[in-house]
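Structure file model_3.txt (compact mmCIF, C-alpha atoms) is printed below.
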# COMPACT_ATOMS: atom_id res chain seq x y z
CA MET A 18 -236.40 -154.09 93.54
CA THR A 19 -233.33 -152.11 94.57
CA PRO A 20 -233.23 -148.30 94.33
CA MET A 21 -230.86 -148.40 91.34
CA LYS A 22 -233.06 -150.89 89.49
CA TRP A 23 -236.01 -148.63 90.24
CA PHE A 24 -234.10 -145.70 88.73
CA PHE A 25 -233.07 -147.66 85.62
CA SER A 26 -236.66 -148.78 85.10
CA PHE A 27 -237.46 -145.13 84.27
CA LEU A 28 -234.27 -144.57 82.30
CA LYS A 29 -234.96 -147.63 80.14
CA LYS A 30 -237.91 -145.84 78.52
CA TYR A 31 -235.47 -143.26 77.12
CA ARG A 32 -232.72 -145.70 76.14
CA LYS A 33 -232.82 -144.52 72.50
CA ASN A 34 -232.06 -140.97 73.62
CA MET A 35 -229.32 -142.21 75.94
CA ILE A 36 -227.71 -144.42 73.28
CA LEU A 37 -227.81 -141.58 70.75
CA GLY A 38 -226.34 -139.18 73.32
CA ILE A 39 -223.56 -141.61 74.22
CA ILE A 40 -222.68 -142.17 70.55
CA LEU A 41 -222.55 -138.39 69.95
CA THR A 42 -220.39 -137.98 73.07
CA ILE A 43 -217.90 -140.52 71.69
CA VAL A 44 -217.89 -138.81 68.27
CA ILE A 45 -217.36 -135.33 69.73
CA THR A 46 -214.59 -136.55 72.04
CA SER A 47 -212.91 -138.22 69.05
CA LEU A 48 -213.05 -134.94 67.11
CA ASN A 49 -211.19 -133.23 69.96
CA ILE A 50 -207.99 -135.06 69.02
CA VAL A 51 -207.91 -133.67 65.45
CA ASN A 52 -207.11 -129.98 65.92
CA PRO A 53 -204.02 -130.41 68.16
CA TYR A 54 -202.61 -132.81 65.58
CA ILE A 55 -203.25 -130.25 62.81
CA SER A 56 -201.57 -127.56 64.92
CA GLY A 57 -198.43 -129.69 65.05
CA MET A 58 -198.55 -130.09 61.27
CA ILE A 59 -198.78 -126.32 60.84
CA VAL A 60 -195.67 -125.81 63.00
CA ASP A 61 -193.56 -128.61 61.45
CA ASP A 62 -194.74 -128.58 57.82
CA VAL A 63 -195.79 -124.95 57.26
CA ILE A 64 -193.79 -122.71 59.61
CA THR A 65 -190.64 -124.83 59.86
CA GLY A 66 -190.93 -126.84 56.63
CA GLY A 67 -191.95 -123.94 54.41
CA GLN A 68 -194.98 -125.66 52.81
CA TYR A 69 -197.04 -122.50 52.96
CA SER A 70 -199.68 -123.78 50.53
CA LEU A 71 -200.90 -126.14 53.28
CA LEU A 72 -201.73 -123.30 55.68
CA TYR A 73 -205.20 -122.35 54.42
CA PRO A 74 -206.48 -125.93 53.93
CA LEU A 75 -205.29 -126.91 57.40
CA VAL A 76 -206.81 -123.83 59.04
CA GLY A 77 -210.05 -124.41 57.11
CA LEU A 78 -210.15 -128.01 58.33
CA MET A 79 -209.65 -126.85 61.91
CA LEU A 80 -212.51 -124.37 61.54
CA LEU A 81 -214.77 -127.07 60.06
CA ILE A 82 -214.02 -129.40 62.98
CA VAL A 83 -214.88 -126.64 65.47
CA ILE A 84 -218.23 -125.95 63.75
CA ILE A 85 -219.18 -129.65 63.58
CA ARG A 86 -218.16 -130.22 67.17
CA GLY A 87 -220.14 -127.20 68.38
CA ALA A 88 -223.30 -128.26 66.51
CA LEU A 89 -223.09 -131.85 67.76
CA ARG A 90 -222.41 -130.72 71.31
CA PHE A 91 -225.56 -128.57 71.31
CA TYR A 92 -227.58 -131.48 69.93
CA TYR A 93 -226.38 -134.15 72.36
CA GLN A 94 -226.89 -131.85 75.35
CA LEU A 95 -230.46 -131.37 74.11
CA VAL A 96 -230.85 -135.16 73.83
CA PHE A 97 -229.70 -135.76 77.42
CA GLU A 98 -231.80 -132.88 78.76
CA THR A 99 -234.90 -134.26 77.00
CA ALA A 100 -234.30 -137.69 78.53
CA SER A 101 -233.75 -136.18 81.99
CA GLN A 102 -236.99 -134.20 81.88
CA GLY A 103 -238.85 -137.32 80.79
CA VAL A 104 -237.36 -139.36 83.65
CA LEU A 105 -238.23 -136.57 86.11
CA TYR A 106 -241.84 -136.38 84.88
CA ASP A 107 -242.35 -140.16 85.02
CA MET A 108 -240.76 -140.46 88.47
CA ARG A 109 -242.84 -137.70 90.01
CA ASP A 110 -246.00 -139.11 88.49
CA LYS A 111 -245.21 -142.63 89.74
CA VAL A 112 -244.28 -141.47 93.24
CA TYR A 113 -247.35 -139.22 93.54
CA ARG A 114 -249.67 -142.03 92.47
CA LYS A 115 -247.99 -144.33 95.00
CA LEU A 116 -248.44 -141.76 97.78
CA LEU A 117 -252.17 -141.56 97.04
CA GLN A 118 -252.43 -145.34 97.54
CA GLU A 119 -250.82 -145.36 101.00
CA ASP A 120 -252.95 -145.87 104.12
CA PHE A 121 -253.20 -143.80 107.31
CA SER A 122 -250.48 -145.75 109.11
CA PHE A 123 -247.99 -144.72 106.44
CA TYR A 124 -248.71 -141.01 106.96
CA ASN A 125 -248.59 -141.47 110.72
CA LYS A 126 -244.97 -142.59 110.35
CA LYS A 127 -243.80 -140.28 107.54
CA ARG A 128 -243.46 -136.52 107.82
CA THR A 129 -244.84 -134.33 105.08
CA GLY A 130 -241.53 -132.49 104.80
CA ASP A 131 -239.71 -135.74 104.02
CA LEU A 132 -242.17 -136.57 101.27
CA MET A 133 -241.97 -133.05 99.85
CA SER A 134 -238.16 -133.06 99.79
CA ARG A 135 -238.29 -136.40 97.96
CA GLN A 136 -240.57 -134.92 95.31
CA THR A 137 -238.49 -131.73 94.86
CA GLY A 138 -234.79 -131.67 95.78
CA ASP A 139 -234.09 -135.38 95.42
CA MET A 140 -235.90 -135.64 92.11
CA ASP A 141 -233.98 -132.66 90.74
CA ALA A 142 -230.66 -134.25 91.77
CA ILE A 143 -231.65 -137.36 89.78
CA ARG A 144 -232.59 -135.19 86.78
CA HIS A 145 -229.23 -133.42 87.02
CA PHE A 146 -227.45 -136.79 86.97
CA VAL A 147 -229.21 -137.84 83.75
CA ALA A 148 -228.90 -134.44 82.05
CA TYR A 149 -225.31 -133.59 82.98
CA VAL A 150 -223.32 -136.10 85.03
CA ILE A 151 -223.66 -139.14 82.73
CA TYR A 152 -222.32 -137.49 79.58
CA ASN A 153 -219.74 -135.44 81.46
CA THR A 154 -218.31 -138.51 83.17
CA LEU A 155 -218.14 -140.43 79.89
CA GLU A 156 -216.70 -137.46 78.01
CA ASN A 157 -213.95 -136.82 80.57
CA VAL A 158 -212.93 -140.48 80.80
CA LEU A 159 -212.75 -140.77 76.99
CA MET A 160 -211.00 -137.42 76.68
CA PHE A 161 -208.28 -138.47 79.10
CA ALA A 162 -207.83 -141.87 77.42
CA PHE A 163 -207.75 -140.47 73.85
CA ALA A 164 -205.30 -137.72 74.77
CA LEU A 165 -203.01 -140.20 76.51
CA VAL A 166 -203.02 -142.51 73.48
CA MET A 167 -202.20 -139.61 71.15
CA ILE A 168 -199.34 -138.46 73.41
CA PHE A 169 -197.97 -142.02 73.39
CA THR A 170 -197.91 -141.86 69.57
CA VAL A 171 -195.79 -138.70 69.82
CA ASN A 172 -193.37 -139.90 72.51
CA ALA A 173 -193.80 -142.75 75.00
CA LYS A 174 -191.42 -141.30 77.62
CA LEU A 175 -193.31 -138.00 77.69
CA ALA A 176 -196.62 -139.85 78.03
CA LEU A 177 -195.30 -141.90 80.94
CA CYS A 178 -194.31 -138.67 82.71
CA MET A 179 -197.88 -137.44 82.27
CA LEU A 180 -199.12 -140.66 83.86
CA ALA A 181 -197.23 -139.86 87.06
CA VAL A 182 -200.19 -137.86 88.41
CA LEU A 183 -202.72 -140.64 87.78
CA PRO A 184 -202.17 -142.65 91.02
CA PHE A 185 -202.59 -139.48 93.11
CA THR A 186 -205.79 -138.62 91.22
CA ALA A 187 -207.20 -142.12 91.76
CA LEU A 188 -206.37 -141.99 95.48
CA CYS A 189 -208.02 -138.56 95.94
CA THR A 190 -211.10 -139.68 93.99
CA TYR A 191 -211.47 -142.74 96.21
CA MET A 192 -211.04 -140.74 99.42
CA GLN A 193 -213.51 -138.07 98.34
CA SER A 194 -216.12 -140.64 97.30
CA ARG A 195 -215.94 -142.20 100.79
CA GLU A 196 -216.53 -138.85 102.49
CA VAL A 197 -219.07 -137.30 100.17
CA LYS A 198 -221.87 -139.86 100.52
CA PRO A 199 -222.40 -139.52 104.32
CA ALA A 200 -222.03 -135.74 103.99
CA PHE A 201 -224.84 -135.55 101.43
CA LYS A 202 -226.94 -137.95 103.49
CA ARG A 203 -226.67 -135.65 106.52
CA ASN A 204 -227.48 -132.70 104.28
CA ARG A 205 -230.59 -134.38 102.91
CA ASP A 206 -231.79 -135.49 106.37
CA CYS A 207 -231.42 -131.98 107.77
CA PHE A 208 -233.21 -130.48 104.77
CA SER A 209 -236.08 -132.95 105.19
CA SER A 210 -236.33 -132.13 108.90
CA LEU A 211 -236.34 -128.39 108.20
CA ASN A 212 -238.93 -128.83 105.47
CA ALA A 213 -241.17 -130.88 107.76
CA PHE A 214 -240.86 -128.35 110.59
CA VAL A 215 -241.86 -125.42 108.36
CA GLN A 216 -244.80 -127.33 106.86
CA GLU A 217 -246.12 -128.36 110.28
CA ASN A 218 -245.86 -124.82 111.63
CA VAL A 219 -247.52 -123.22 108.62
CA SER A 220 -250.40 -125.72 108.68
CA GLY A 221 -250.74 -125.38 112.48
CA ASN A 222 -250.29 -121.61 112.58
CA ARG A 223 -253.62 -121.00 114.33
CA VAL A 224 -252.68 -123.31 117.19
CA VAL A 225 -249.28 -121.62 117.59
CA ARG A 226 -250.89 -118.17 117.71
CA ALA A 227 -253.68 -119.31 120.02
CA PHE A 228 -251.15 -120.46 122.64
CA SER A 229 -248.73 -117.56 121.98
CA LYS A 230 -245.91 -119.95 121.12
CA GLU A 231 -244.36 -117.84 118.36
CA ASP A 232 -241.06 -117.26 120.19
CA TYR A 233 -240.80 -120.92 121.13
CA GLU A 234 -241.37 -122.06 117.52
CA ILE A 235 -238.91 -119.46 116.21
CA GLU A 236 -236.26 -120.85 118.56
CA LYS A 237 -236.97 -124.39 117.36
CA PHE A 238 -236.78 -123.22 113.75
CA SER A 239 -233.41 -121.57 114.43
CA LYS A 240 -232.06 -124.90 115.69
CA GLU A 241 -233.31 -126.72 112.60
CA ASN A 242 -231.92 -124.00 110.37
CA ASP A 243 -228.54 -124.09 112.13
CA ALA A 244 -228.38 -127.87 111.73
CA PHE A 245 -229.10 -127.57 108.01
CA ARG A 246 -226.47 -124.86 107.63
CA ALA A 247 -223.91 -127.01 109.47
CA ALA A 248 -224.72 -129.96 107.19
CA GLN A 249 -224.35 -127.76 104.10
CA ILE A 250 -221.01 -126.45 105.32
CA SER A 251 -219.87 -129.98 106.13
CA ALA A 252 -220.70 -131.14 102.59
CA SER A 253 -218.96 -128.08 101.15
CA ASN A 254 -215.87 -128.80 103.23
CA VAL A 255 -215.48 -132.16 101.50
CA TRP A 256 -215.52 -130.36 98.16
CA LYS A 257 -213.20 -127.64 99.48
CA LYS A 258 -210.66 -130.20 100.67
CA TYR A 259 -210.32 -132.21 97.47
CA VAL A 260 -211.08 -129.93 94.51
CA PRO A 261 -207.94 -127.77 95.04
CA ILE A 262 -205.86 -130.98 95.05
CA PHE A 263 -207.33 -131.92 91.67
CA GLU A 264 -206.53 -128.43 90.40
CA VAL A 265 -202.89 -128.74 91.53
CA LEU A 266 -202.57 -132.18 89.92
CA ALA A 267 -204.06 -130.84 86.68
CA TYR A 268 -201.73 -127.87 86.43
CA SER A 269 -198.72 -129.94 87.39
CA LEU A 270 -199.02 -131.46 83.91
CA ASN A 271 -198.16 -128.04 82.43
CA ILE A 272 -194.97 -127.95 84.50
CA ILE A 273 -194.02 -131.48 83.43
CA LEU A 274 -194.58 -130.61 79.78
CA MET A 275 -192.64 -127.34 79.87
CA LEU A 276 -189.68 -128.81 81.75
CA TYR A 277 -189.33 -132.30 80.31
CA GLY A 278 -190.93 -131.55 76.93
CA GLY A 279 -188.76 -128.47 76.47
CA TYR A 280 -185.68 -130.48 77.40
CA MET A 281 -186.59 -133.14 74.80
CA VAL A 282 -186.95 -130.47 72.08
CA ILE A 283 -183.53 -129.05 72.99
CA GLN A 284 -182.02 -132.55 72.85
CA GLY A 285 -183.68 -133.21 69.50
CA GLU A 286 -185.77 -136.15 70.76
CA ILE A 287 -188.99 -134.50 69.59
CA THR A 288 -189.73 -131.62 67.24
CA LEU A 289 -191.24 -128.27 68.16
CA GLY A 290 -194.39 -129.37 66.34
CA ASP A 291 -194.56 -132.47 68.55
CA LEU A 292 -194.38 -130.23 71.62
CA VAL A 293 -197.24 -128.12 70.22
CA VAL A 294 -199.27 -131.29 69.61
CA VAL A 295 -198.76 -132.51 73.18
CA ASN A 296 -199.57 -129.03 74.50
CA GLY A 297 -202.79 -129.15 72.47
CA TYR A 298 -203.73 -132.43 74.13
CA LEU A 299 -202.79 -131.13 77.56
CA TRP A 300 -206.21 -129.56 78.18
CA MET A 301 -207.75 -132.97 77.45
CA LEU A 302 -205.75 -134.28 80.41
CA ASN A 303 -206.24 -131.20 82.59
CA ASN A 304 -210.00 -130.94 82.24
CA PRO A 305 -210.84 -134.47 83.48
CA LEU A 306 -208.54 -134.00 86.48
CA ARG A 307 -210.19 -130.68 87.35
CA MET A 308 -213.67 -132.11 86.85
CA ALA A 309 -213.03 -135.23 88.95
CA GLY A 310 -213.91 -133.53 92.24
CA TRP A 311 -217.10 -131.99 90.87
CA LEU A 312 -218.27 -135.25 89.31
CA VAL A 313 -217.62 -137.25 92.48
CA ASN A 314 -219.74 -134.70 94.36
CA ASP A 315 -222.57 -134.93 91.83
CA ILE A 316 -222.49 -138.74 91.79
CA GLY A 317 -222.55 -138.82 95.60
CA ASN A 318 -225.54 -136.46 95.61
CA PHE A 319 -227.32 -138.68 93.07
CA ILE A 320 -226.69 -141.88 95.07
CA THR A 321 -228.06 -140.22 98.21
CA SER A 322 -231.08 -138.80 96.38
CA VAL A 323 -232.05 -142.02 94.64
CA GLY A 324 -232.40 -143.56 98.09
CA LEU A 325 -229.58 -145.98 98.83
CA ARG A 326 -230.31 -146.36 102.51
CA LYS A 327 -230.87 -149.42 104.63
CA LYS A 328 -234.12 -148.65 106.40
CA GLU A 329 -237.47 -146.89 106.12
CA THR A 330 -237.96 -147.94 102.52
CA ILE A 331 -240.97 -147.19 100.40
CA ASN A 332 -241.54 -149.44 97.45
CA PHE A 333 -242.94 -147.06 94.87
CA ALA A 334 -242.84 -149.68 92.13
CA GLU A 335 -245.67 -151.78 93.57
CA PRO A 336 -249.17 -150.90 94.81
CA SER A 337 -249.96 -151.00 98.52
CA GLY A 338 -251.41 -154.12 100.02
CA SER A 339 -248.95 -156.64 98.60
CA SER A 340 -247.38 -159.19 100.89
CA PRO A 341 -243.69 -158.77 101.79
CA ALA A 342 -242.77 -161.69 99.54
CA GLU A 343 -244.60 -160.12 96.60
CA ASN A 344 -243.46 -156.61 97.35
CA PRO A 345 -239.74 -156.53 98.30
CA PRO A 346 -238.54 -153.22 99.75
CA GLY A 347 -236.12 -151.02 98.00
CA ASN A 348 -237.14 -148.50 95.41
CA ILE A 349 -237.22 -144.94 96.67
CA MET A 350 -236.34 -144.69 100.34
CA ILE A 351 -237.63 -141.97 102.58
If you convert what's in this file into structure tokens, what do you get?
Amino acid sequence: MTPMKWFFSFLKKYRKNMILGIILTIVITSLNIVNPYISGMIVDDVITGGQYSLLYPLVGLMLLIVIIRGALRFYYQLVFETASQGVLYDMRDKVYRKLLQEDFSFYNKKRTGDLMSRQTGDMDAIRHFVAYVIYNTLENVLMFAFALVMIFTVNAKLALCMLAVLPFTALCTYMQSREVKPAFKRNRDCFSSLNAFVQENVSGNRVVRAFSKEDYEIEKFSKENDAFRAAQISASNVWKKYVPIFEVLAYSLNIILMLYGGYMVIQGEITLGDLVVVNGYLWMLNNPLRMAGWLVNDIGNFITSVGLRKKETINFAEPSGSSPAENPPGNIMI
């Protein structure tokens, strides 16, 4: 069983929650396209067209959409969080039971700090993926697609101009995803090493004091701590390099809209209300571009935490004592 199959074996138990959460995500994202369209109607039909009787019904409808969207958003976040806590509980229970079944040779090879970091930091990264990253990724992809479709219905040329930033975004996403995985792997390895060092020194404190090795152990700890800090900074540098690029790409859409969209209004190709509609959808294009860097980081952290490594595997899905043919390696990897 591969690590991802091992992960999905826990997620499958909460598939009803996940399906419900995904459906609510799609509904909420669909509701996001309503209010910008109504704003355009208010400009063209009420302010410019003089149909003032439409103002209060349109504003009331916008308010109703906001209330429904807010209530559903609270509910689907609760659904995903419930599923994530269930997955976390089941994983920790399964892994702990598996650890109790291992023999002495296993513990001779594995450090306590590695096992502790697997049960704490790595598990929490997996919980964060289920509770936050899944619905955020889906929401941002749908948001971008829906907004682009709606802008195409307003004016195809303006929509094509908005698409100009998409190849750059895809390229940056690909480059960041290639760098972020090894960075998080180094970070996790250094954290495990630091964790193991502290545990061994705390448990062997009497020996250290008996031989007056405090200064020696402090120096060793400083090296481990420095390595962990360097790994953290290295992982942060990946984020620091790409997230500003996503920000620039996102805000470049505002410049495109103001310049080309304003020109089209002056030339009479679109109405002022159409410009307001596109401006209302602009945040639905901006937000996914800004979030791309964060989501790539979170996904990279999840992939590292779930254990996609080539060696030193621990098959937590099967009891100890099985033959290699019966017990293929893979699940969580330490």
TODO: Up to 12 Å from (-218.0, -138.6, 67.4) in the file's coordinates: name the residues, counting all atoms listed in the file, as a ChimeraX atom specification.
DONE: /A:37-51,82,85-90,93,156,159-160
TODO: Would you please work out which residue, of A:Leu165, A:Ile316, A:Ile64, A:Ile235, is nearest to Leu180 (chain A) when using only C-alpha atoms?
DONE: A:Leu165
Open item on the list: Just want the 8 Å neighbourhood of Ser194 (chain A), counted on all atoms listed in the file, with same-chain residues fewer than 4 positions away dropped. Output as number ranges by chain.
Closed with: A: 190, 198, 313-314, 317
TODO: Go through A:Ile272, A:Ala252, A:Phe123, A:Asp291 one by one, measure the shortest atom-to-atom distance of each to Gln193 (chain A) using all atoms listed in the file, and give the residue with the smallest value.
DONE: A:Ala252
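Minimum atom-to-atom distance to Ala200 (chain A), evaluated using only C-alpha atoms, belongs to A:Ile320 out of A:Val76, A:Val293, A:Ile320, A:Ile36.
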Task: Test item: residues at most 12 Å from Pro74 (chain A), all atoms listed in the file, excluding those fewer than 4 positions along its chain, as a PyMOL selection string - done: chain A and resi 55+58-59+63+68-70+78-81
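For the set A:Arg246, A:Ala173, A:Val224, A:Lys237, the residue with the smallest atom-to-atom gap to Arg203 (chain A) is A:Arg246, counting all atoms listed in the file.
Of the residues listed (A:Pro20, A:Gly130, A:Gly285, A:Gly310), A:Gly130 shows the shortest atom-to-atom separation from Asn218 (chain A); distances use all atoms listed in the file.
The closest residue to Thr321 (chain A), picked from A:Gly103, A:Pro261, A:Pro53, A:Gly138 and counting all atoms listed in the file, is A:Gly138.
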Can you fill out region 106-135 of chain A with N, CA and C atoms and hand it back as a compact mmCIF listing (two decimals), in the coordinates of the input?
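Now in part_28.txt:
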# COMPACT_ATOMS: atom_id res chain seq x y z
N TYR A 106 -240.37 -136.39 84.97
CA TYR A 106 -241.84 -136.38 84.88
C TYR A 106 -242.41 -137.74 85.29
N ASP A 107 -241.84 -138.81 84.73
CA ASP A 107 -242.35 -140.16 85.02
C ASP A 107 -242.16 -140.53 86.49
N MET A 108 -241.01 -140.16 87.06
CA MET A 108 -240.76 -140.46 88.47
C MET A 108 -241.75 -139.75 89.38
N ARG A 109 -241.93 -138.46 89.15
CA ARG A 109 -242.84 -137.70 90.01
C ARG A 109 -244.26 -138.24 89.90
N ASP A 110 -244.66 -138.58 88.68
CA ASP A 110 -246.00 -139.11 88.49
C ASP A 110 -246.16 -140.45 89.22
N LYS A 111 -245.16 -141.32 89.09
CA LYS A 111 -245.21 -142.63 89.74
C LYS A 111 -245.24 -142.50 91.25
N VAL A 112 -244.37 -141.64 91.79
CA VAL A 112 -244.28 -141.47 93.24
C VAL A 112 -245.57 -140.85 93.79
N TYR A 113 -246.11 -139.87 93.07
CA TYR A 113 -247.35 -139.22 93.54
C TYR A 113 -248.51 -140.21 93.56
N ARG A 114 -248.60 -141.02 92.51
CA ARG A 114 -249.67 -142.03 92.47
C ARG A 114 -249.50 -143.03 93.61
N LYS A 115 -248.26 -143.40 93.90
CA LYS A 115 -247.99 -144.33 95.00
C LYS A 115 -248.39 -143.71 96.34
N LEU A 116 -248.09 -142.42 96.52
CA LEU A 116 -248.44 -141.76 97.78
C LEU A 116 -249.95 -141.74 97.99
N LEU A 117 -250.71 -141.58 96.92
CA LEU A 117 -252.17 -141.56 97.04
C LEU A 117 -252.73 -142.92 97.44
N GLN A 118 -251.97 -143.99 97.21
CA GLN A 118 -252.43 -145.34 97.54
C GLN A 118 -252.10 -145.75 98.97
N GLU A 119 -251.24 -144.97 99.65
CA GLU A 119 -250.82 -145.36 101.00
C GLU A 119 -251.94 -145.16 102.02
N ASP A 120 -251.90 -145.95 103.09
CA ASP A 120 -252.95 -145.87 104.12
C ASP A 120 -252.56 -144.90 105.22
N PHE A 121 -253.43 -144.78 106.25
CA PHE A 121 -253.20 -143.80 107.31
C PHE A 121 -251.95 -144.12 108.12
N SER A 122 -251.66 -145.40 108.30
CA SER A 122 -250.48 -145.75 109.11
C SER A 122 -249.19 -145.25 108.47
N PHE A 123 -249.17 -145.24 107.15
CA PHE A 123 -247.99 -144.72 106.44
C PHE A 123 -247.77 -143.25 106.78
N TYR A 124 -248.84 -142.45 106.71
CA TYR A 124 -248.71 -141.01 106.96
C TYR A 124 -248.53 -140.70 108.43
N ASN A 125 -248.89 -141.65 109.30
CA ASN A 125 -248.59 -141.47 110.72
C ASN A 125 -247.10 -141.59 111.00
N LYS A 126 -246.40 -142.36 110.16
CA LYS A 126 -244.97 -142.59 110.35
C LYS A 126 -244.11 -141.60 109.56
N LYS A 127 -244.60 -141.13 108.43
CA LYS A 127 -243.80 -140.28 107.54
C LYS A 127 -244.20 -138.82 107.69
N ARG A 128 -243.19 -137.95 107.73
CA ARG A 128 -243.46 -136.52 107.82
C ARG A 128 -243.67 -135.94 106.43
N THR A 129 -244.54 -134.95 106.37
CA THR A 129 -244.84 -134.33 105.08
C THR A 129 -243.60 -133.70 104.47
N GLY A 130 -242.75 -133.12 105.32
CA GLY A 130 -241.53 -132.49 104.80
C GLY A 130 -240.61 -133.47 104.11
N ASP A 131 -240.52 -134.71 104.66
CA ASP A 131 -239.71 -135.74 104.02
C ASP A 131 -240.25 -136.08 102.64
N LEU A 132 -241.55 -136.22 102.56
CA LEU A 132 -242.17 -136.57 101.27
C LEU A 132 -242.02 -135.43 100.26
N MET A 133 -242.12 -134.20 100.74
CA MET A 133 -241.97 -133.05 99.85
C MET A 133 -240.54 -132.92 99.34
N SER A 134 -239.56 -133.15 100.23
CA SER A 134 -238.16 -133.06 99.79
C SER A 134 -237.84 -134.16 98.79
N ARG A 135 -238.48 -135.32 98.93
CA ARG A 135 -238.29 -136.40 97.96
C ARG A 135 -238.82 -136.00 96.60
